[in-house]
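Containing compact mmCIF, C-alpha atoms and all ligand atoms: target37.txt.
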```txt
# COMPACT_ATOMS: atom_id res chain seq x y z
CA MET G 1 78.38 109.93 104.74
CA ARG G 2 78.59 111.98 107.97
CA ILE G 3 82.02 112.81 109.24
CA LYS G 4 83.07 113.85 112.75
CA GLY G 5 82.36 117.55 113.22
CA ASP G 6 80.29 117.59 110.03
CA LYS G 7 77.56 120.15 109.46
CA ASP G 8 74.00 118.92 109.55
CA PRO G 9 73.14 118.34 105.86
CA ASN G 10 69.66 119.76 106.46
CA THR G 11 71.00 123.09 107.59
CA ASP G 12 74.11 123.17 105.42
CA LEU G 13 73.38 125.85 102.85
CA THR G 14 76.52 125.05 100.90
CA LYS G 15 75.58 124.22 97.35
CA LEU G 16 78.06 123.27 94.71
CA ILE G 17 76.94 123.02 91.16
CA SER G 18 79.14 120.12 90.15
CA MET G 19 80.62 118.22 93.06
CA LYS G 20 78.99 115.76 95.44
CA LYS G 21 79.93 115.91 99.11
CA GLN G 22 80.46 112.32 100.16
CA THR G 23 84.05 111.43 100.92
CA ARG G 24 85.13 115.10 101.26
CA LEU G 25 88.36 114.26 99.46
CA ILE G 26 89.70 115.74 96.22
CA LEU G 27 92.53 113.88 94.53
CA ALA G 28 95.40 116.12 93.36
CA LEU G 29 96.64 114.09 90.42
CA ASP G 30 100.04 115.64 89.74
CA VAL G 31 101.46 112.76 87.75
CA THR G 32 102.97 113.43 84.32
CA SER G 33 101.89 110.35 82.40
CA ARG G 34 98.48 109.99 80.80
CA ALA G 35 98.49 106.22 81.28
CA LYS G 36 99.41 106.49 84.95
CA ALA G 37 96.76 109.17 85.51
CA VAL G 38 94.01 107.05 83.98
CA PHE G 39 95.19 103.92 85.84
CA LEU G 40 95.12 105.81 89.17
CA VAL G 41 91.72 107.41 88.58
CA GLU G 42 90.21 104.05 87.68
CA GLN G 43 91.23 102.58 91.03
CA LEU G 44 90.77 105.68 93.18
CA SER G 45 87.69 107.52 91.95
CA THR G 46 85.38 105.89 94.52
CA TYR G 47 87.40 107.46 97.34
CA PHE G 48 87.20 111.00 95.98
CA ASP G 49 84.46 113.52 95.23
CA ALA G 50 86.56 115.14 92.47
CA VAL G 51 89.94 115.02 90.79
CA LYS G 52 92.08 118.15 90.53
CA ILE G 53 94.54 118.30 87.68
CA GLY G 54 96.92 121.09 86.80
CA TYR G 55 99.97 122.02 84.80
CA PRO G 56 102.01 118.85 85.47
CA LEU G 57 99.42 116.52 83.94
CA ILE G 58 97.78 118.85 81.40
CA LEU G 59 101.11 119.98 79.94
CA SER G 60 102.34 116.38 79.77
CA ALA G 61 99.22 114.63 78.53
CA GLY G 62 97.34 117.43 76.73
CA ILE G 63 94.03 119.10 77.49
CA GLY G 64 92.15 115.98 76.26
CA ILE G 65 93.02 114.39 79.62
CA VAL G 66 90.26 116.51 81.21
CA LYS G 67 87.61 114.66 79.23
CA GLU G 68 89.20 111.27 79.86
CA ILE G 69 89.24 111.74 83.61
CA SER G 70 85.79 113.26 83.70
CA ALA G 71 84.43 109.88 82.57
CA PHE G 72 85.25 108.74 86.15
CA SER G 73 84.95 111.88 88.26
CA PRO G 74 84.26 115.62 88.13
CA VAL G 75 87.47 117.40 87.15
CA ILE G 76 88.70 120.67 88.64
CA THR G 77 91.36 122.26 86.48
CA ASP G 78 94.00 123.90 88.64
CA LEU G 79 95.59 126.42 86.30
CA LYS G 80 95.71 129.06 89.04
CA ILE G 81 94.50 131.56 86.48
CA ALA G 82 96.11 134.96 87.07
CA ASP G 83 96.03 137.23 84.04
CA ILE G 84 94.15 140.17 82.52
CA PRO G 85 90.39 139.64 82.13
CA ASN G 86 90.47 138.72 78.43
CA THR G 87 93.21 136.13 78.88
CA ASN G 88 91.48 134.75 81.97
CA ARG G 89 88.30 134.33 79.95
CA LEU G 90 90.15 132.48 77.19
CA ILE G 91 91.82 130.13 79.69
CA CYS G 92 88.49 129.41 81.41
CA GLU G 93 86.80 128.74 78.06
CA ALA G 94 89.56 126.27 77.12
CA ALA G 95 89.33 124.38 80.42
CA LEU G 96 85.53 124.38 80.57
CA GLY G 97 85.22 123.51 76.88
CA ALA G 98 87.46 120.51 77.56
CA GLY G 99 85.00 119.26 80.19
CA ALA G 100 86.14 120.75 83.49
CA SER G 101 83.45 121.13 86.16
CA GLY G 102 85.50 123.59 88.13
CA VAL G 103 88.37 126.02 87.63
CA ILE G 104 90.80 127.60 90.06
CA ALA G 105 91.88 131.23 89.80
CA HIS G 106 94.07 133.60 91.76
CA ALA G 107 92.49 136.70 93.30
CA PHE G 108 95.58 138.92 93.29
CA PRO G 109 95.17 140.22 89.69
CA GLY G 110 92.06 141.97 91.01
CA LYS G 111 88.31 142.27 90.69
CA ASP G 112 87.99 142.61 86.91
CA SER G 113 90.20 139.57 86.27
CA LEU G 114 88.32 137.43 88.77
CA GLU G 115 84.96 138.57 87.44
CA ALA G 116 86.00 137.47 83.93
CA CYS G 117 86.54 133.96 85.33
CA ALA G 118 83.27 134.06 87.27
CA LYS G 119 81.35 135.01 84.12
CA SER G 120 82.80 132.20 81.99
CA VAL G 121 82.32 129.66 84.74
CA ALA G 122 78.68 130.68 85.28
CA ALA G 123 77.98 130.44 81.55
CA HIS G 124 79.14 126.81 81.66
CA GLY G 125 77.27 125.94 84.87
CA ALA G 126 80.60 125.16 86.56
CA ASP G 127 82.30 126.18 89.82
CA LEU G 128 84.95 128.81 90.46
CA PHE G 129 87.43 128.37 93.30
CA VAL G 130 89.70 131.22 94.33
CA VAL G 131 93.10 130.89 96.01
CA THR G 132 93.42 132.90 99.23
CA GLU G 133 96.56 131.89 101.11
CA MET G 134 98.68 128.99 99.89
CA SER G 135 99.88 126.08 102.01
CA HIS G 136 103.65 126.34 101.63
CA PRO G 137 105.90 128.44 103.94
CA GLY G 138 106.57 131.06 101.22
CA ALA G 139 102.89 132.01 101.24
CA GLU G 140 103.47 133.88 104.52
CA GLN G 141 105.60 136.40 102.61
CA PHE G 142 103.06 138.01 100.26
CA MET G 143 99.81 136.05 100.35
CA ALA G 144 99.00 135.72 104.06
CA PRO G 145 98.75 139.48 104.70
CA LEU G 146 96.24 139.80 101.83
CA ALA G 147 94.40 136.51 102.19
CA GLU G 148 91.36 137.94 103.95
CA GLN G 149 90.89 140.60 101.28
CA MET G 150 91.22 137.92 98.61
CA ALA G 151 88.57 135.83 100.36
CA ARG G 152 86.22 138.86 100.34
CA LEU G 153 86.87 139.39 96.65
CA ALA G 154 86.06 135.73 95.96
CA LEU G 155 82.78 136.17 97.83
CA ASP G 156 81.88 139.34 95.91
CA ALA G 157 82.73 137.72 92.57
CA GLY G 158 80.26 134.92 93.31
CA ALA G 159 82.85 132.13 93.55
CA ALA G 160 81.61 128.72 94.69
CA GLY G 161 84.51 128.59 97.09
CA VAL G 162 88.08 129.30 98.05
CA VAL G 163 91.33 127.44 98.57
CA ALA G 164 92.80 127.70 102.10
CA PRO G 165 95.75 125.92 103.72
CA ALA G 166 95.43 122.69 105.72
CA THR G 167 98.94 123.44 106.98
CA ARG G 168 97.49 126.40 108.97
CA PRO G 169 94.06 125.36 110.30
CA GLU G 170 93.73 128.66 112.18
CA ARG G 171 93.75 130.41 108.80
CA ILE G 172 90.96 128.13 107.57
CA LYS G 173 88.94 129.24 110.60
CA LYS G 174 89.57 132.91 109.82
CA ILE G 175 88.68 132.51 106.15
CA ARG G 176 85.53 130.58 107.08
CA SER G 177 84.45 133.57 109.18
CA ILE G 178 84.67 135.74 106.07
CA ILE G 179 83.11 133.52 103.41
CA GLY G 180 80.13 132.13 105.35
CA ASP G 181 78.64 129.13 103.58
CA ARG G 182 80.87 129.14 100.51
CA ILE G 183 83.07 126.08 100.05
CA ILE G 184 86.61 125.73 101.39
CA ILE G 185 88.85 123.27 99.60
CA SER G 186 92.06 122.69 101.49
CA PRO G 187 95.43 121.37 100.32
CA GLY G 188 98.48 120.53 102.41
CA VAL G 189 97.37 117.30 104.01
CA GLY G 190 99.88 114.45 104.27
CA ALA G 191 103.00 115.26 102.21
CA GLN G 192 103.01 118.90 103.39
CA GLY G 193 102.39 117.95 107.01
CA GLY G 194 98.78 119.12 107.50
CA SER G 195 96.23 117.00 109.37
CA ALA G 196 93.07 116.07 107.48
CA LEU G 197 90.95 115.99 110.63
CA LYS G 198 92.25 119.31 111.98
CA ALA G 199 91.56 121.00 108.63
CA LEU G 200 88.00 119.68 108.60
CA GLU G 201 87.44 120.70 112.21
CA ALA G 202 88.72 124.19 111.35
CA GLY G 203 86.02 124.49 108.68
CA ALA G 204 87.30 122.94 105.45
CA ASP G 205 84.64 121.26 103.31
CA TYR G 206 87.01 119.22 101.17
CA LEU G 207 90.61 118.13 101.55
CA ILE G 208 92.91 118.08 98.56
CA VAL G 209 95.29 115.12 98.79
CA GLY G 210 98.03 114.27 96.31
CA ARG G 211 101.39 112.58 96.85
CA SER G 212 100.48 110.81 100.07
CA VAL G 213 97.88 108.86 98.06
CA TYR G 214 99.04 108.59 94.43
CA GLY G 215 102.70 108.20 95.51
CA ALA G 216 101.96 105.44 98.03
CA GLU G 217 102.84 101.82 97.33
CA ASP G 218 99.13 101.00 97.64
CA PRO G 219 97.23 104.18 96.67
CA ALA G 220 93.79 102.74 97.45
CA ALA G 221 94.93 101.73 100.96
CA ALA G 222 96.42 105.21 101.44
CA ALA G 223 93.08 106.79 100.43
CA ARG G 224 91.23 104.55 102.89
CA LYS G 225 93.69 105.61 105.61
CA VAL G 226 92.85 109.30 105.09
CA LEU G 227 89.15 108.46 105.18
CA SER G 228 89.51 106.57 108.48
CA GLU G 229 91.42 109.53 109.91
CA LEU G 230 88.44 111.72 109.03
CA HIS G 231 86.17 109.35 110.90
CA GLY G 232 88.45 109.53 113.92
CA GLU G 233 89.21 105.79 113.67
O1 LIG H 1 99.17 116.52 98.67
P1 LIG H 1 100.24 117.18 97.82
O2 LIG H 1 101.11 118.09 98.58
O3 LIG H 1 100.99 116.19 96.98
O4 LIG H 1 99.46 118.05 96.73
C1 LIG H 1 98.79 119.23 97.03
C2 LIG H 1 98.12 119.75 95.80
O5 LIG H 1 97.44 120.95 96.13
C3 LIG H 1 99.08 120.11 94.66
O6 LIG H 1 98.38 119.89 93.45
C4 LIG H 1 99.32 121.59 94.85
O7 LIG H 1 99.61 122.23 93.63
C5 LIG H 1 97.96 122.05 95.39
N1 LIG H 1 97.97 123.22 96.27
C6 LIG H 1 98.80 123.27 97.36
O8 LIG H 1 99.51 122.32 97.68
N2 LIG H 1 98.82 124.40 98.13
C7 LIG H 1 98.05 125.47 97.88
O9 LIG H 1 98.09 126.44 98.63
C8 LIG H 1 97.18 125.43 96.80
C9 LIG H 1 97.10 124.28 96.04
C10 LIG H 1 96.03 124.21 95.11
O10 LIG H 1 95.46 123.22 94.79
O11 LIG H 1 95.62 125.38 94.68
C11 LIG H 1 94.46 125.43 93.95
```
For this file, write the structure as structure tokens.
Ligand code: O7M
Amino acid sequence: MRIKGDKDPNTDLTKLISMKKQTRLILALDVTSRAKAVFLVEQLSTYFDAVKIGYPLILSAGIGIVKEISAFSPVITDLKIADIPNTNRLICEAALGAGASGVIAHAFPGKDSLEACAKSVAAHGADLFVVTEMSHPGAEQFMAPLAEQMARLALDAGAAGVVAPATRPERIKKIRSIIGDRIIISPGVGAQGGSALKALEAGADYLIVGRSVYGAEDPAAAARKVLSELHGE
């Protein structure tokens, strides 16, 4: 599927190990019930290239939920890993061993910590995504001033991509200028006020969408609405 402002697939050097690039949407499934999560993924997986799950669902339903959801879609575990290298490695091994195709880590603990994640992820043939600047207002306090350095660190560590905020498309543009053809996955669309189309036009490859889809009265219709926005309809 080609989307307005899309790169030409023949010249797009972006290569992800585990995720297709069709709808350009990643579902943030922050529900806290296993049954609800599975019910939602069953009806929504066709609208999304991957499902991102994190502490809310994994702590409520157990790590086995990764395998259950991966029967429908690639799963990115969003544990925002941020510890010493050995602990990072253990967390990555747990997530990847449970069936995750991608993991998300913070850059701020530094090079050695991030490299520990990169090594585990590479050994499993999975993808590493690194947080640069977060989407909420508080991110301007500590993260924004360091975001470009964190993007460079992600690049050096061999990450598949980075996380950059749809709430500040100009920051996506800046981070794109640093990371070249690596992937940008971008949260903050819908519930946090970001525009899906503006984030894509600024250089995001994938949009992470949560509450505005899974919290809608008709989640499938809400997913279709985001897709039509991307097509400028
Ligand atoms: O669409 P929402 O606001 O309901 O959900 C957004 C999801 O993206 C939710 O899972 C957040 O934890 C996550 N997220 C942000 O909202 N902002 C960030 O800066 C980073 C993330 C994220 O996914 O980091 C990896």
**OP:** Rounded to one decimal place, report the CA of Lys21 (chain G)-CA of Ala116 (chain G) distance in Å.
**Re:**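 Computed distance, CA of Lys21 (chain G) to CA of Ala116 (chain G), equals 27.1 Å.
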**OP:** Give the residue list for ligand LIG 1 (chain H) at 9 Å, counting all atoms listed in the file, as a PyMOL selection string, sorted by chain and then by residue number.
**Re:** chain G and resi 27-30+52-56+77-80+103-106+129-136+139+162-167+185-193+208-215
**OP:** Do a neighbour search on Leu155 (chain G) at 8 Å with all atoms listed in the file, toss out local chain neighbours closer than 6 positions, and write the hits as a list in words.
**Re:** Gly161, Ile179 and Arg182 of chain G
Original post:
Counting all atoms listed in the file, what is within 10 Å of region 18-20 of chain G, bar same-chain residues fewer than 6 positions away, as a ChimeraX atom specification?
Top reply: /G:26,48-50,73-76,100-102,125-127
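Here CA of Ala157 (chain G) and CA of Ile184 (chain G) stand 15.4 Å from one another.
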Original post:
Counting all atoms listed in the file, what is within 12 Å of Ala35 (chain G), bar same-chain residues fewer than 2 positions away, as a PyMOL selection string?
Top reply: chain G and resi 31-33+37-42+57+60-61+65+68-69
Keeping only C-alpha atoms, take the residues you just selected and write them out as a PDB file, in the coordinates of the input.
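Saved file selection-v9.pdb follows:
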```pdb
ATOM      1  CA  VAL G  31     101.460 112.760  87.750  1.00  0.00           C
ATOM      2  CA  THR G  32     102.970 113.430  84.320  1.00  0.00           C
ATOM      3  CA  SER G  33     101.890 110.350  82.400  1.00  0.00           C
ATOM      4  CA  ALA G  37      96.760 109.170  85.510  1.00  0.00           C
ATOM      5  CA  VAL G  38      94.010 107.050  83.980  1.00  0.00           C
ATOM      6  CA  PHE G  39      95.190 103.920  85.840  1.00  0.00           C
ATOM      7  CA  LEU G  40      95.120 105.810  89.170  1.00  0.00           C
ATOM      8  CA  VAL G  41      91.720 107.410  88.580  1.00  0.00           C
ATOM      9  CA  GLU G  42      90.210 104.050  87.680  1.00  0.00           C
ATOM     10  CA  LEU G  57      99.420 116.520  83.940  1.00  0.00           C
ATOM     11  CA  SER G  60     102.340 116.380  79.770  1.00  0.00           C
ATOM     12  CA  ALA G  61      99.220 114.630  78.530  1.00  0.00           C
ATOM     13  CA  ILE G  65      93.020 114.390  79.620  1.00  0.00           C
ATOM     14  CA  GLU G  68      89.200 111.270  79.860  1.00  0.00           C
ATOM     15  CA  ILE G  69      89.240 111.740  83.610  1.00  0.00           C
TER      16      ILE G  69
END
```
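Pairwise distance (CA of Pro137 (chain G), CA of Thr87 (chain G)) equals 29.1 Å.
For the residues G:Leu25, G:Leu96, G:Ala107, G:Val66, ranking by smallest atom-to-atom distance to Asp83 (chain G) using all atoms listed in the file places G:Ala107 first.
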Subject >> Counting all atoms listed in the file, the option among G:Asn88, G:Gln141, G:Ser45, G:Gln22 closest to Lys111 (chain G) >> reply: G:Asn88
Give as a PDB file with C-alpha atoms, keeping the file's coordinate frame the set of residues within 12 Å of the point (83.3, 124.7, 75.4), where distances use the file's coordinates and all atoms listed in the file.
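Here's the written file part19.pdb:
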```
ATOM      1  CA  LYS G  67      87.610 114.660  79.230  1.00  0.00           C
ATOM      2  CA  ARG G  89      88.300 134.330  79.950  1.00  0.00           C
ATOM      3  CA  LEU G  90      90.150 132.480  77.190  1.00  0.00           C
ATOM      4  CA  ILE G  91      91.820 130.130  79.690  1.00  0.00           C
ATOM      5  CA  CYS G  92      88.490 129.410  81.410  1.00  0.00           C
ATOM      6  CA  GLU G  93      86.800 128.740  78.060  1.00  0.00           C
ATOM      7  CA  ALA G  94      89.560 126.270  77.120  1.00  0.00           C
ATOM      8  CA  ALA G  95      89.330 124.380  80.420  1.00  0.00           C
ATOM      9  CA  LEU G  96      85.530 124.380  80.570  1.00  0.00           C
ATOM     10  CA  GLY G  97      85.220 123.510  76.880  1.00  0.00           C
ATOM     11  CA  ALA G  98      87.460 120.510  77.560  1.00  0.00           C
ATOM     12  CA  GLY G  99      85.000 119.260  80.190  1.00  0.00           C
ATOM     13  CA  ALA G 100      86.140 120.750  83.490  1.00  0.00           C
ATOM     14  CA  SER G 101      83.450 121.130  86.160  1.00  0.00           C
ATOM     15  CA  SER G 120      82.800 132.200  81.990  1.00  0.00           C
ATOM     16  CA  VAL G 121      82.320 129.660  84.740  1.00  0.00           C
ATOM     17  CA  ALA G 123      77.980 130.440  81.550  1.00  0.00           C
ATOM     18  CA  HIS G 124      79.140 126.810  81.660  1.00  0.00           C
ATOM     19  CA  GLY G 125      77.270 125.940  84.870  1.00  0.00           C
ATOM     20  CA  ALA G 126      80.600 125.160  86.560  1.00  0.00           C
TER      21      ALA G 126
END
```
